[in-house]
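data_38.cif follows; it contains mmCIF, N, CA and C atoms.
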```cif
data_final
loop_
_atom_site.label_atom_id
_atom_site.label_comp_id
_atom_site.auth_asym_id
_atom_site.auth_seq_id
_atom_site.Cartn_x
_atom_site.Cartn_y
_atom_site.Cartn_z
N MET Z 243 0.82 -1.20 0.00
CA MET Z 243 0.00 0.00 0.00
C MET Z 243 0.86 1.26 0.00
N ALA Z 244 1.90 1.25 0.82
CA ALA Z 244 2.80 2.41 0.90
C ALA Z 244 3.53 2.61 -0.43
N ALA Z 245 3.88 1.51 -1.08
CA ALA Z 245 4.58 1.60 -2.37
C ALA Z 245 3.68 2.22 -3.42
N VAL Z 246 2.40 1.88 -3.41
CA VAL Z 246 1.45 2.45 -4.37
C VAL Z 246 1.30 3.95 -4.13
N LEU Z 247 1.20 4.35 -2.87
CA LEU Z 247 1.09 5.78 -2.55
C LEU Z 247 2.35 6.54 -2.96
N ALA Z 248 3.50 5.94 -2.73
CA ALA Z 248 4.76 6.58 -3.12
C ALA Z 248 4.84 6.71 -4.64
N ALA Z 249 4.43 5.68 -5.36
CA ALA Z 249 4.43 5.74 -6.82
C ALA Z 249 3.48 6.81 -7.33
N MET Z 250 2.31 6.91 -6.69
CA MET Z 250 1.34 7.94 -7.11
C MET Z 250 1.87 9.34 -6.82
N LEU Z 251 2.58 9.51 -5.71
CA LEU Z 251 3.17 10.80 -5.39
C LEU Z 251 4.23 11.18 -6.42
N ILE Z 252 5.07 10.24 -6.77
CA ILE Z 252 6.11 10.49 -7.79
C ILE Z 252 5.46 10.83 -9.13
N LEU Z 253 4.42 10.10 -9.49
CA LEU Z 253 3.71 10.36 -10.75
C LEU Z 253 3.06 11.75 -10.73
N ALA Z 254 2.47 12.14 -9.62
CA ALA Z 254 1.84 13.46 -9.50
C ALA Z 254 2.88 14.57 -9.62
N LEU Z 255 4.03 14.41 -8.97
CA LEU Z 255 5.08 15.42 -9.05
C LEU Z 255 5.64 15.53 -10.47
N ALA Z 256 5.82 14.39 -11.12
CA ALA Z 256 6.32 14.40 -12.51
C ALA Z 256 5.31 15.07 -13.44
N THR Z 257 4.04 14.76 -13.25
CA THR Z 257 3.00 15.37 -14.08
C THR Z 257 2.93 16.87 -13.87
N GLN Z 258 3.09 17.30 -12.63
CA GLN Z 258 3.06 18.73 -12.33
C GLN Z 258 4.21 19.46 -13.02
N SER Z 259 5.40 18.90 -13.00
CA SER Z 259 6.53 19.57 -13.64
C SER Z 259 6.37 19.59 -15.15
N VAL Z 260 5.82 18.53 -15.72
CA VAL Z 260 5.57 18.51 -17.17
C VAL Z 260 4.53 19.56 -17.54
N MET Z 261 3.47 19.67 -16.77
CA MET Z 261 2.42 20.64 -17.05
C MET Z 261 2.93 22.08 -16.92
N THR Z 262 3.81 22.33 -15.94
CA THR Z 262 4.41 23.65 -15.80
C THR Z 262 5.23 23.99 -17.04
N TYR Z 263 6.01 23.03 -17.53
CA TYR Z 263 6.81 23.23 -18.72
C TYR Z 263 5.93 23.49 -19.94
N VAL Z 264 4.88 22.70 -20.11
CA VAL Z 264 3.98 22.86 -21.26
C VAL Z 264 3.27 24.21 -21.20
N SER Z 265 2.84 24.60 -20.02
CA SER Z 265 2.18 25.89 -19.85
C SER Z 265 3.13 27.04 -20.18
N GLN Z 266 4.36 26.95 -19.72
CA GLN Z 266 5.35 28.00 -20.00
C GLN Z 266 5.67 28.05 -21.50
N GLN Z 267 5.75 26.90 -22.14
CA GLN Z 267 6.02 26.85 -23.57
C GLN Z 267 4.87 27.48 -24.35
N ASP Z 268 3.63 27.20 -23.95
CA ASP Z 268 2.46 27.80 -24.60
C ASP Z 268 2.49 29.32 -24.46
N LEU Z 269 2.85 29.81 -23.28
CA LEU Z 269 2.93 31.25 -23.06
C LEU Z 269 4.02 31.88 -23.93
N ARG Z 270 5.16 31.21 -24.07
CA ARG Z 270 6.23 31.73 -24.94
C ARG Z 270 5.75 31.81 -26.39
N GLU Z 271 5.03 30.80 -26.85
CA GLU Z 271 4.54 30.80 -28.23
C GLU Z 271 3.51 31.91 -28.44
N ARG Z 272 2.61 32.10 -27.48
CA ARG Z 272 1.61 33.17 -27.62
C ARG Z 272 2.28 34.55 -27.57
N GLU Z 273 3.32 34.68 -26.76
CA GLU Z 273 4.05 35.95 -26.69
C GLU Z 273 4.74 36.24 -28.03
N ALA Z 274 5.37 35.24 -28.62
CA ALA Z 274 6.00 35.42 -29.94
C ALA Z 274 4.95 35.75 -30.99
N ASP Z 275 3.78 35.10 -30.89
CA ASP Z 275 2.68 35.38 -31.82
C ASP Z 275 2.18 36.82 -31.64
N LEU Z 276 2.12 37.30 -30.40
CA LEU Z 276 1.73 38.69 -30.16
C LEU Z 276 2.70 39.65 -30.83
N LEU Z 277 3.98 39.38 -30.75
CA LEU Z 277 4.98 40.25 -31.39
C LEU Z 277 4.81 40.25 -32.91
N ARG Z 278 4.59 39.06 -33.50
CA ARG Z 278 4.39 38.98 -34.95
C ARG Z 278 3.10 39.69 -35.37
N THR Z 279 2.01 39.43 -34.65
CA THR Z 279 0.72 40.02 -35.00
C THR Z 279 0.74 41.52 -34.81
N GLY Z 280 1.31 41.99 -33.71
CA GLY Z 280 1.40 43.43 -33.47
C GLY Z 280 2.21 44.12 -34.54
N GLN Z 281 3.30 43.50 -34.94
CA GLN Z 281 4.13 44.06 -36.00
C GLN Z 281 3.36 44.09 -37.32
N ALA Z 282 2.57 43.07 -37.60
CA ALA Z 282 1.76 43.04 -38.83
C ALA Z 282 0.74 44.18 -38.81
N TYR Z 283 0.12 44.43 -37.66
CA TYR Z 283 -0.82 45.55 -37.56
C TYR Z 283 -0.12 46.88 -37.78
N ALA Z 284 1.05 47.07 -37.18
CA ALA Z 284 1.78 48.33 -37.36
C ALA Z 284 2.15 48.53 -38.84
N GLN Z 285 2.57 47.47 -39.51
CA GLN Z 285 2.90 47.58 -40.93
C GLN Z 285 1.66 47.87 -41.77
N ALA Z 286 0.54 47.24 -41.44
CA ALA Z 286 -0.70 47.48 -42.19
C ALA Z 286 -1.19 48.92 -41.98
N ILE Z 287 -1.09 49.41 -40.77
CA ILE Z 287 -1.48 50.80 -40.49
C ILE Z 287 -0.58 51.75 -41.26
N GLY Z 288 0.72 51.44 -41.31
CA GLY Z 288 1.65 52.26 -42.08
C GLY Z 288 1.34 52.24 -43.56
N ALA Z 289 1.01 51.07 -44.10
CA ALA Z 289 0.66 50.97 -45.52
C ALA Z 289 -0.61 51.77 -45.82
N TYR Z 290 -1.59 51.70 -44.94
CA TYR Z 290 -2.83 52.47 -45.11
C TYR Z 290 -2.51 53.96 -45.10
N TYR Z 291 -1.75 54.40 -44.12
CA TYR Z 291 -1.42 55.82 -43.97
C TYR Z 291 -0.63 56.33 -45.18
N GLU Z 292 0.40 55.59 -45.57
CA GLU Z 292 1.28 56.04 -46.66
C GLU Z 292 0.59 56.00 -48.02
N SER Z 293 -0.41 55.12 -48.20
CA SER Z 293 -1.07 55.05 -49.50
C SER Z 293 -2.26 56.00 -49.61
N SER Z 294 -2.41 56.89 -48.65
CA SER Z 294 -3.52 57.85 -48.70
C SER Z 294 -3.46 58.64 -50.00
N PRO Z 295 -4.60 58.73 -50.72
CA PRO Z 295 -4.59 59.50 -51.96
C PRO Z 295 -4.46 60.99 -51.64
N GLY Z 296 -3.78 61.69 -52.53
CA GLY Z 296 -3.60 63.13 -52.33
C GLY Z 296 -2.47 63.42 -51.36
N ASN Z 297 -2.39 64.69 -50.95
CA ASN Z 297 -1.30 65.11 -50.07
C ASN Z 297 -1.60 64.91 -48.59
N LEU Z 298 -2.87 64.82 -48.24
CA LEU Z 298 -3.25 64.69 -46.84
C LEU Z 298 -3.27 63.21 -46.43
N LYS Z 299 -2.39 62.85 -45.53
CA LYS Z 299 -2.32 61.47 -45.05
C LYS Z 299 -3.42 61.24 -44.02
N ARG Z 300 -4.06 60.08 -44.10
CA ARG Z 300 -5.14 59.74 -43.17
C ARG Z 300 -4.85 58.41 -42.49
N TRP Z 301 -5.28 58.32 -41.23
CA TRP Z 301 -5.17 57.10 -40.45
C TRP Z 301 -6.46 56.29 -40.61
N PRO Z 302 -6.39 54.97 -40.47
CA PRO Z 302 -7.63 54.19 -40.51
C PRO Z 302 -8.51 54.55 -39.32
N GLN Z 303 -9.82 54.53 -39.52
CA GLN Z 303 -10.75 54.85 -38.44
C GLN Z 303 -11.14 53.60 -37.65
N THR Z 304 -11.07 52.44 -38.31
CA THR Z 304 -11.36 51.16 -37.66
C THR Z 304 -10.34 50.14 -38.15
N LEU Z 305 -10.22 49.04 -37.43
CA LEU Z 305 -9.33 47.97 -37.88
C LEU Z 305 -9.85 47.35 -39.17
N GLU Z 306 -11.17 47.38 -39.38
CA GLU Z 306 -11.75 46.84 -40.61
C GLU Z 306 -11.29 47.63 -41.84
N ASP Z 307 -10.94 48.90 -41.66
CA ASP Z 307 -10.41 49.69 -42.78
C ASP Z 307 -9.12 49.07 -43.34
N LEU Z 308 -8.40 48.34 -42.51
CA LEU Z 308 -7.16 47.70 -42.96
C LEU Z 308 -7.44 46.49 -43.84
N THR Z 309 -8.59 45.86 -43.65
CA THR Z 309 -8.93 44.69 -44.47
C THR Z 309 -9.63 45.09 -45.75
N GLU Z 310 -10.29 46.25 -45.75
CA GLU Z 310 -10.98 46.73 -46.95
C GLU Z 310 -10.82 48.25 -47.04
N ASP Z 311 -9.76 48.68 -47.71
CA ASP Z 311 -9.51 50.10 -47.91
C ASP Z 311 -10.30 50.55 -49.13
N LYS Z 312 -11.42 51.21 -48.89
CA LYS Z 312 -12.33 51.60 -49.97
C LYS Z 312 -12.08 53.01 -50.48
N ARG Z 313 -10.90 53.55 -50.24
CA ARG Z 313 -10.60 54.91 -50.71
C ARG Z 313 -10.19 54.92 -52.17
N PHE Z 314 -10.10 53.76 -52.78
CA PHE Z 314 -9.65 53.64 -54.16
C PHE Z 314 -10.73 52.98 -55.00
N VAL Z 315 -10.54 52.97 -56.31
CA VAL Z 315 -11.50 52.35 -57.21
C VAL Z 315 -11.64 50.87 -56.88
N GLY Z 316 -10.54 50.18 -56.73
CA GLY Z 316 -10.55 48.77 -56.31
C GLY Z 316 -10.23 48.71 -54.82
N THR Z 317 -10.77 47.73 -54.17
CA THR Z 317 -10.52 47.59 -52.74
C THR Z 317 -9.10 47.10 -52.50
N ARG Z 318 -8.39 47.77 -51.59
CA ARG Z 318 -7.05 47.34 -51.20
C ARG Z 318 -7.13 46.68 -49.83
N ARG Z 319 -6.30 45.68 -49.65
CA ARG Z 319 -6.22 44.99 -48.36
C ARG Z 319 -4.80 45.16 -47.82
N HIS Z 320 -4.70 45.83 -46.68
CA HIS Z 320 -3.40 46.03 -46.06
C HIS Z 320 -3.06 44.91 -45.08
N ILE Z 321 -4.11 44.20 -44.66
CA ILE Z 321 -3.95 43.03 -43.79
C ILE Z 321 -5.07 42.06 -44.20
N ARG Z 322 -4.80 40.79 -44.13
CA ARG Z 322 -5.73 39.78 -44.63
C ARG Z 322 -7.03 39.71 -43.84
N GLU Z 323 -6.92 39.76 -42.51
CA GLU Z 323 -8.10 39.65 -41.65
C GLU Z 323 -7.81 40.36 -40.33
N ILE Z 324 -8.83 40.53 -39.51
CA ILE Z 324 -8.64 41.07 -38.17
C ILE Z 324 -8.16 39.91 -37.29
N TYR Z 325 -6.88 39.95 -36.98
CA TYR Z 325 -6.29 38.87 -36.19
C TYR Z 325 -6.63 39.05 -34.72
N PRO Z 326 -6.90 37.95 -34.01
CA PRO Z 326 -7.19 38.07 -32.58
C PRO Z 326 -5.91 38.34 -31.78
N ASP Z 327 -6.10 38.91 -30.61
CA ASP Z 327 -5.01 39.13 -29.68
C ASP Z 327 -4.60 37.76 -29.14
N PRO Z 328 -3.36 37.33 -29.37
CA PRO Z 328 -2.95 36.00 -28.92
C PRO Z 328 -2.98 35.82 -27.40
N MET Z 329 -2.86 36.89 -26.65
CA MET Z 329 -2.83 36.77 -25.20
C MET Z 329 -4.23 36.60 -24.61
N THR Z 330 -5.20 37.31 -25.16
CA THR Z 330 -6.58 37.20 -24.65
C THR Z 330 -7.43 36.28 -25.51
N ARG Z 331 -6.92 35.95 -26.68
CA ARG Z 331 -7.63 35.11 -27.66
C ARG Z 331 -8.97 35.69 -28.06
N SER Z 332 -9.03 37.02 -28.11
CA SER Z 332 -10.25 37.69 -28.57
C SER Z 332 -9.86 38.72 -29.63
N ALA Z 333 -10.85 39.21 -30.34
CA ALA Z 333 -10.60 40.21 -31.38
C ALA Z 333 -10.54 41.63 -30.81
N ASN Z 334 -10.66 41.76 -29.51
CA ASN Z 334 -10.61 43.08 -28.88
C ASN Z 334 -9.18 43.49 -28.61
N TRP Z 335 -8.76 44.55 -29.29
CA TRP Z 335 -7.43 45.11 -29.11
C TRP Z 335 -7.56 46.47 -28.45
N GLY Z 336 -6.55 46.85 -27.71
CA GLY Z 336 -6.45 48.23 -27.26
C GLY Z 336 -6.03 49.06 -28.45
N ILE Z 337 -6.59 50.24 -28.59
CA ILE Z 337 -6.30 51.10 -29.73
C ILE Z 337 -5.47 52.30 -29.28
N VAL Z 338 -4.43 52.60 -30.06
CA VAL Z 338 -3.62 53.80 -29.84
C VAL Z 338 -4.08 54.80 -30.88
N ARG Z 339 -4.64 55.90 -30.43
CA ARG Z 339 -5.22 56.90 -31.33
C ARG Z 339 -4.17 57.89 -31.82
N ALA Z 340 -4.33 58.29 -33.08
CA ALA Z 340 -3.52 59.35 -33.67
C ALA Z 340 -4.14 60.69 -33.29
N ALA Z 341 -3.47 61.77 -33.61
CA ALA Z 341 -3.95 63.11 -33.25
C ALA Z 341 -5.32 63.41 -33.86
N ASP Z 342 -5.61 62.87 -35.06
CA ASP Z 342 -6.89 63.16 -35.70
C ASP Z 342 -7.99 62.17 -35.29
N GLY Z 343 -7.69 61.28 -34.35
CA GLY Z 343 -8.69 60.32 -33.88
C GLY Z 343 -8.63 58.98 -34.59
N GLY Z 344 -7.82 58.86 -35.63
CA GLY Z 344 -7.68 57.59 -36.32
C GLY Z 344 -6.83 56.63 -35.50
N ILE Z 345 -6.57 55.47 -36.07
CA ILE Z 345 -5.80 54.44 -35.37
C ILE Z 345 -4.35 54.50 -35.81
N ALA Z 346 -3.46 54.74 -34.85
CA ALA Z 346 -2.02 54.77 -35.13
C ALA Z 346 -1.36 53.46 -34.72
N GLY Z 347 -2.03 52.68 -33.86
CA GLY Z 347 -1.44 51.43 -33.42
C GLY Z 347 -2.40 50.63 -32.56
N VAL Z 348 -1.93 49.46 -32.15
CA VAL Z 348 -2.72 48.57 -31.31
C VAL Z 348 -1.85 48.06 -30.16
N HIS Z 349 -2.51 47.56 -29.13
CA HIS Z 349 -1.82 46.88 -28.05
C HIS Z 349 -2.75 45.83 -27.46
N SER Z 350 -2.16 44.83 -26.85
CA SER Z 350 -2.96 43.82 -26.17
C SER Z 350 -3.64 44.45 -24.97
N VAL Z 351 -4.77 43.91 -24.57
CA VAL Z 351 -5.43 44.40 -23.36
C VAL Z 351 -5.10 43.51 -22.16
N SER Z 352 -4.22 42.54 -22.35
CA SER Z 352 -3.83 41.63 -21.28
C SER Z 352 -2.97 42.35 -20.25
N THR Z 353 -3.27 42.13 -18.99
CA THR Z 353 -2.48 42.72 -17.91
C THR Z 353 -1.50 41.71 -17.32
N ALA Z 354 -1.39 40.55 -17.96
CA ALA Z 354 -0.44 39.54 -17.49
C ALA Z 354 0.99 40.02 -17.70
N GLN Z 355 1.89 39.51 -16.89
CA GLN Z 355 3.30 39.90 -16.97
C GLN Z 355 3.97 39.11 -18.09
N PRO Z 356 4.68 39.79 -18.99
CA PRO Z 356 5.35 39.07 -20.08
C PRO Z 356 6.59 38.32 -19.59
N ILE Z 357 6.96 37.30 -20.35
CA ILE Z 357 8.20 36.58 -20.05
C ILE Z 357 9.38 37.49 -20.37
N ARG Z 358 9.30 38.15 -21.53
CA ARG Z 358 10.35 39.09 -21.91
C ARG Z 358 10.01 40.45 -21.30
N SER Z 359 10.84 40.92 -20.43
CA SER Z 359 10.57 42.21 -19.80
C SER Z 359 11.55 43.28 -20.26
N ALA Z 360 12.61 42.89 -20.95
CA ALA Z 360 13.60 43.85 -21.45
C ALA Z 360 13.06 44.51 -22.73
N PRO Z 361 13.63 45.65 -23.12
CA PRO Z 361 13.21 46.27 -24.38
C PRO Z 361 13.42 45.32 -25.56
N ILE Z 362 12.53 45.42 -26.55
CA ILE Z 362 12.57 44.53 -27.71
C ILE Z 362 12.68 45.38 -28.97
N GLU Z 363 13.58 45.00 -29.86
CA GLU Z 363 13.74 45.66 -31.15
C GLU Z 363 13.18 44.75 -32.23
N LEU Z 364 12.15 45.21 -32.94
CA LEU Z 364 11.62 44.52 -34.10
C LEU Z 364 12.06 45.32 -35.32
N ASP Z 365 11.66 44.94 -36.52
CA ASP Z 365 12.13 45.61 -37.73
C ASP Z 365 12.07 47.13 -37.63
N ASN Z 366 10.88 47.69 -37.56
CA ASN Z 366 10.72 49.14 -37.49
C ASN Z 366 10.09 49.59 -36.19
N LEU Z 367 10.08 48.71 -35.20
CA LEU Z 367 9.45 49.02 -33.91
C LEU Z 367 10.43 48.79 -32.78
N ALA Z 368 10.36 49.67 -31.81
CA ALA Z 368 11.13 49.49 -30.58
C ALA Z 368 10.12 49.46 -29.44
N LEU Z 369 10.06 48.34 -28.75
CA LEU Z 369 9.14 48.20 -27.63
C LEU Z 369 9.92 48.38 -26.34
N PRO Z 370 9.44 49.24 -25.45
CA PRO Z 370 10.17 49.47 -24.19
C PRO Z 370 10.03 48.28 -23.25
N ALA Z 371 10.80 48.29 -22.19
CA ALA Z 371 10.66 47.28 -21.15
C ALA Z 371 9.21 47.31 -20.66
N ALA Z 372 8.65 46.15 -20.38
CA ALA Z 372 7.23 46.08 -20.06
C ALA Z 372 6.99 45.27 -18.80
N SER Z 373 5.99 45.71 -18.03
CA SER Z 373 5.60 44.95 -16.85
C SER Z 373 4.29 44.20 -17.11
N ARG Z 374 3.66 44.48 -18.27
CA ARG Z 374 2.44 43.77 -18.68
C ARG Z 374 2.36 43.84 -20.20
N TYR Z 375 1.62 42.92 -20.79
CA TYR Z 375 1.54 42.86 -22.25
C TYR Z 375 0.91 44.13 -22.83
N ALA Z 376 0.02 44.76 -22.11
CA ALA Z 376 -0.61 45.98 -22.60
C ALA Z 376 0.39 47.12 -22.79
N ASP Z 377 1.57 47.01 -22.19
CA ASP Z 377 2.59 48.05 -22.34
C ASP Z 377 3.27 48.01 -23.71
N TRP Z 378 3.17 46.87 -24.40
CA TRP Z 378 3.75 46.77 -25.74
C TRP Z 378 2.78 47.40 -26.73
N GLN Z 379 3.11 48.57 -27.22
CA GLN Z 379 2.25 49.27 -28.17
C GLN Z 379 2.88 49.20 -29.56
N PHE Z 380 2.13 48.63 -30.49
CA PHE Z 380 2.59 48.45 -31.86
C PHE Z 380 2.06 49.62 -32.68
N VAL Z 381 2.85 50.68 -32.77
CA VAL Z 381 2.41 51.94 -33.36
C VAL Z 381 3.26 52.25 -34.59
N TYR Z 382 2.57 52.67 -35.66
CA TYR Z 382 3.29 53.13 -36.86
C TYR Z 382 3.70 54.57 -36.65
N SER Z 383 4.97 54.86 -36.87
CA SER Z 383 5.48 56.23 -36.79
C SER Z 383 5.89 56.67 -38.18
N PRO Z 384 5.17 57.65 -38.76
CA PRO Z 384 5.54 58.09 -40.10
C PRO Z 384 6.93 58.74 -40.10
N PRO Z 385 7.63 58.62 -41.22
CA PRO Z 385 8.93 59.28 -41.30
C PRO Z 385 8.75 60.79 -41.21
N PRO Z 386 9.75 61.50 -40.69
CA PRO Z 386 9.61 62.95 -40.59
C PRO Z 386 9.46 63.57 -41.98
N ALA Z 387 8.66 64.63 -42.03
CA ALA Z 387 8.45 65.32 -43.31
C ALA Z 387 9.75 65.96 -43.78
N SER Z 388 9.96 65.90 -45.05
CA SER Z 388 11.16 66.49 -45.63
C SER Z 388 11.10 68.00 -45.51
N THR Z 389 12.20 68.59 -45.07
CA THR Z 389 12.24 70.06 -44.93
C THR Z 389 13.20 70.67 -45.93
N ALA Z 390 13.40 70.00 -47.06
CA ALA Z 390 14.30 70.53 -48.09
C ALA Z 390 13.68 71.78 -48.71
N PRO Z 391 14.51 72.81 -48.93
CA PRO Z 391 13.97 74.04 -49.52
C PRO Z 391 13.50 73.81 -50.96
N ARG Z 392 12.40 74.46 -51.34
CA ARG Z 392 11.86 74.34 -52.71
C ARG Z 392 12.43 75.45 -53.57
N ARG Z 393 12.62 75.16 -54.80
CA ARG Z 393 13.15 76.17 -55.74
C ARG Z 393 12.13 76.52 -56.74
#
```

Render the structure in this file as structure tokens.
Amino acid sequence: MAAVLAAMLILALATQSVMTYVSQQDLREREADLLRTGQAYAQAIGAYYESSPGNLKRWPQTLEDLTEDKRFVGTRRHIREIYPDPMTRSANWGIVRAADGGIAGVHSVSTAQPIRSAPIELDNLALPAASRYADWQFVYSPPPASTAPRR
């Protein structure tokens, strides 16, 4: 009887350590997915902003504007679909507003603590050190306007 209890205790401890590892691995994968998805949103917002017809650049008013940009004769798609937030697994994103009220970026609404807490450098994004996933803001920053003198 004691041997069976000891074996069950060992099995329970082994299962617990395996589950902790699997859970941590899942969190790492979702965190990496958040970085990829956030970067894709920032690039799509940048493509929308930069392709604005005329001289006046405009920000998207909704995330759906990124999937169907109807400012042109044919519909343009800057992103394939509205991707869910990998951390909350919902389509609800925190929105970073531009000065004109449009969307300049997105962020997760998760208040969980990230595994990576140091600053992160992505292609065109620099994310500061974060204490929660909502601190990572994926924002498109337009290049500074040229100030070259006109002749």

Pick out the closest residue to Asp307 in chain Z from this set: Z:Ser359, Z:Gln267, Z:Asp275, Z:Ile345. Count only C-alpha atoms. Z:Ile345

Excluding range 312-320 of chain Z and any residue of its chain fewer than 4 positions from it, enumerate the residues within 8 Å of it, using all atoms listed in the file, and give them as a VMD selection string. chain Z and resid 282 to 283 285 to 287 289 to 290 294 to 295 306 to 308

Limited to N, CA and C atoms, could you put the picked residues into a file as an mmCIF file, keeping the file's coordinate frame?
```
data_model
loop_
_atom_site.group_PDB
_atom_site.id
_atom_site.type_symbol
_atom_site.label_atom_id
_atom_site.label_comp_id
_atom_site.auth_asym_id
_atom_site.auth_seq_id
_atom_site.Cartn_x
_atom_site.Cartn_y
_atom_site.Cartn_z
ATOM 1 N N ALA Z 282 2.570 43.070 -37.600
ATOM 2 C CA ALA Z 282 1.760 43.040 -38.830
ATOM 3 C C ALA Z 282 0.740 44.180 -38.810
ATOM 4 N N TYR Z 283 0.120 44.430 -37.660
ATOM 5 C CA TYR Z 283 -0.820 45.550 -37.560
ATOM 6 C C TYR Z 283 -0.120 46.880 -37.780
ATOM 7 N N GLN Z 285 2.570 47.470 -39.510
ATOM 8 C CA GLN Z 285 2.900 47.580 -40.930
ATOM 9 C C GLN Z 285 1.660 47.870 -41.770
ATOM 10 N N ALA Z 286 0.540 47.240 -41.440
ATOM 11 C CA ALA Z 286 -0.700 47.480 -42.190
ATOM 12 C C ALA Z 286 -1.190 48.920 -41.980
ATOM 13 N N ILE Z 287 -1.090 49.410 -40.770
ATOM 14 C CA ILE Z 287 -1.480 50.800 -40.490
ATOM 15 C C ILE Z 287 -0.580 51.750 -41.260
ATOM 16 N N ALA Z 289 1.010 51.070 -44.100
ATOM 17 C CA ALA Z 289 0.660 50.970 -45.520
ATOM 18 C C ALA Z 289 -0.610 51.770 -45.820
ATOM 19 N N TYR Z 290 -1.590 51.700 -44.940
ATOM 20 C CA TYR Z 290 -2.830 52.470 -45.110
ATOM 21 C C TYR Z 290 -2.510 53.960 -45.100
ATOM 22 N N SER Z 294 -2.410 56.890 -48.650
ATOM 23 C CA SER Z 294 -3.520 57.850 -48.700
ATOM 24 C C SER Z 294 -3.460 58.640 -50.000
ATOM 25 N N PRO Z 295 -4.600 58.730 -50.720
ATOM 26 C CA PRO Z 295 -4.590 59.500 -51.960
ATOM 27 C C PRO Z 295 -4.460 60.990 -51.640
ATOM 28 N N GLU Z 306 -11.170 47.380 -39.380
ATOM 29 C CA GLU Z 306 -11.750 46.840 -40.610
ATOM 30 C C GLU Z 306 -11.290 47.630 -41.840
ATOM 31 N N ASP Z 307 -10.940 48.900 -41.660
ATOM 32 C CA ASP Z 307 -10.410 49.690 -42.780
ATOM 33 C C ASP Z 307 -9.120 49.070 -43.340
ATOM 34 N N LEU Z 308 -8.400 48.340 -42.510
ATOM 35 C CA LEU Z 308 -7.160 47.700 -42.960
ATOM 36 C C LEU Z 308 -7.440 46.490 -43.840
#
```

If we count only C-alpha atoms, what is near Gln379 in chain Z at a cut-off of 12 Å, once residues fewer than 6 positions away on the same chain are taken out, given as a PyMOL selection string? chain Z and resi 276-277+279-281+283-284+335-339+345-352+361-362+367-372

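In this structure, CA of Pro356 in chain Z sits 27.2 Å away from atom C of Gly288 in chain Z.
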
How many Å lie between CA of Arg358 in chain Z and CA of Asp377 in chain Z, rounded to one decimal?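 CA of Asp377 in chain Z lies at a distance of 11.9 Å from CA of Arg358 in chain Z.
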
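Take the PyMOL selection byres ((chain Z and resi 324) around 7) and apply it to this file: it picks Leu305, Glu306, Thr309, Ile321, Arg322, Glu323, Tyr325, Pro326 and Ala333 of chain Z.
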
Atomic distance CA of Asp268 in chain Z - atom C of Ser332 in chain Z, expressed in Å with one decimal: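 Atom C of Ser332 in chain Z lies at a distance of 17.2 Å from CA of Asp268 in chain Z.
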
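Put simply, the PyMOL selection byres ((chain Z and resi 301) around 6.5) on this file hits Tyr290, Tyr291, Lys299, Arg300, Pro302, Gln303, Thr304, Gly344, Ile345 and Ala346 of chain Z.
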
Just list as a list in words whatever in chain Z DSSP marks as strand (DSSP E or B). Asp311, Arg318, Asp327, Ser332, Gly336, Ile337, Val338, Arg339, Ile345, Ala346, Gly347, Val348, His349, Ile362, Glu363, Ala368, Leu369, Gln379, Phe380 and Val381 of chain Z

Just write the chosen residues, N, CA and C atoms, as a CSV table (one decimal), in the coordinates of the input.
```csv
chain,number,residue,atom,x,y,z
Z,311,ASP,N,-9.8,48.7,-47.7
Z,311,ASP,CA,-9.5,50.1,-47.9
Z,311,ASP,C,-10.3,50.6,-49.1
Z,318,ARG,N,-8.4,47.8,-51.6
Z,318,ARG,CA,-7.0,47.3,-51.2
Z,318,ARG,C,-7.1,46.7,-49.8
Z,327,ASP,N,-6.1,38.9,-30.6
Z,327,ASP,CA,-5.0,39.1,-29.7
Z,327,ASP,C,-4.6,37.8,-29.1
Z,332,SER,N,-9.0,37.0,-28.1
Z,332,SER,CA,-10.2,37.7,-28.6
Z,332,SER,C,-9.9,38.7,-29.6
Z,336,GLY,N,-6.6,46.8,-27.7
Z,336,GLY,CA,-6.4,48.2,-27.3
Z,336,GLY,C,-6.0,49.1,-28.4
Z,337,ILE,N,-6.6,50.2,-28.6
Z,337,ILE,CA,-6.3,51.1,-29.7
Z,337,ILE,C,-5.5,52.3,-29.3
Z,338,VAL,N,-4.4,52.6,-30.1
Z,338,VAL,CA,-3.6,53.8,-29.8
Z,338,VAL,C,-4.1,54.8,-30.9
Z,339,ARG,N,-4.6,55.9,-30.4
Z,339,ARG,CA,-5.2,56.9,-31.3
Z,339,ARG,C,-4.2,57.9,-31.8
Z,345,ILE,N,-6.6,55.5,-36.1
Z,345,ILE,CA,-5.8,54.4,-35.4
Z,345,ILE,C,-4.4,54.5,-35.8
Z,346,ALA,N,-3.5,54.7,-34.8
Z,346,ALA,CA,-2.0,54.8,-35.1
Z,346,ALA,C,-1.4,53.5,-34.7
Z,347,GLY,N,-2.0,52.7,-33.9
Z,347,GLY,CA,-1.4,51.4,-33.4
Z,347,GLY,C,-2.4,50.6,-32.6
Z,348,VAL,N,-1.9,49.5,-32.2
Z,348,VAL,CA,-2.7,48.6,-31.3
Z,348,VAL,C,-1.8,48.1,-30.2
Z,349,HIS,N,-2.5,47.6,-29.1
Z,349,HIS,CA,-1.8,46.9,-28.0
Z,349,HIS,C,-2.8,45.8,-27.5
Z,362,ILE,N,12.5,45.4,-26.6
Z,362,ILE,CA,12.6,44.5,-27.7
Z,362,ILE,C,12.7,45.4,-29.0
Z,363,GLU,N,13.6,45.0,-29.9
Z,363,GLU,CA,13.7,45.7,-31.2
Z,363,GLU,C,13.2,44.8,-32.2
Z,368,ALA,N,10.4,49.7,-31.8
Z,368,ALA,CA,11.1,49.5,-30.6
Z,368,ALA,C,10.1,49.5,-29.4
Z,369,LEU,N,10.1,48.3,-28.8
Z,369,LEU,CA,9.1,48.2,-27.6
Z,369,LEU,C,9.9,48.4,-26.3
Z,379,GLN,N,3.1,48.6,-27.2
Z,379,GLN,CA,2.2,49.3,-28.2
Z,379,GLN,C,2.9,49.2,-29.6
Z,380,PHE,N,2.1,48.6,-30.5
Z,380,PHE,CA,2.6,48.4,-31.9
Z,380,PHE,C,2.1,49.6,-32.7
Z,381,VAL,N,2.8,50.7,-32.8
Z,381,VAL,CA,2.4,51.9,-33.4
Z,381,VAL,C,3.3,52.2,-34.6
```
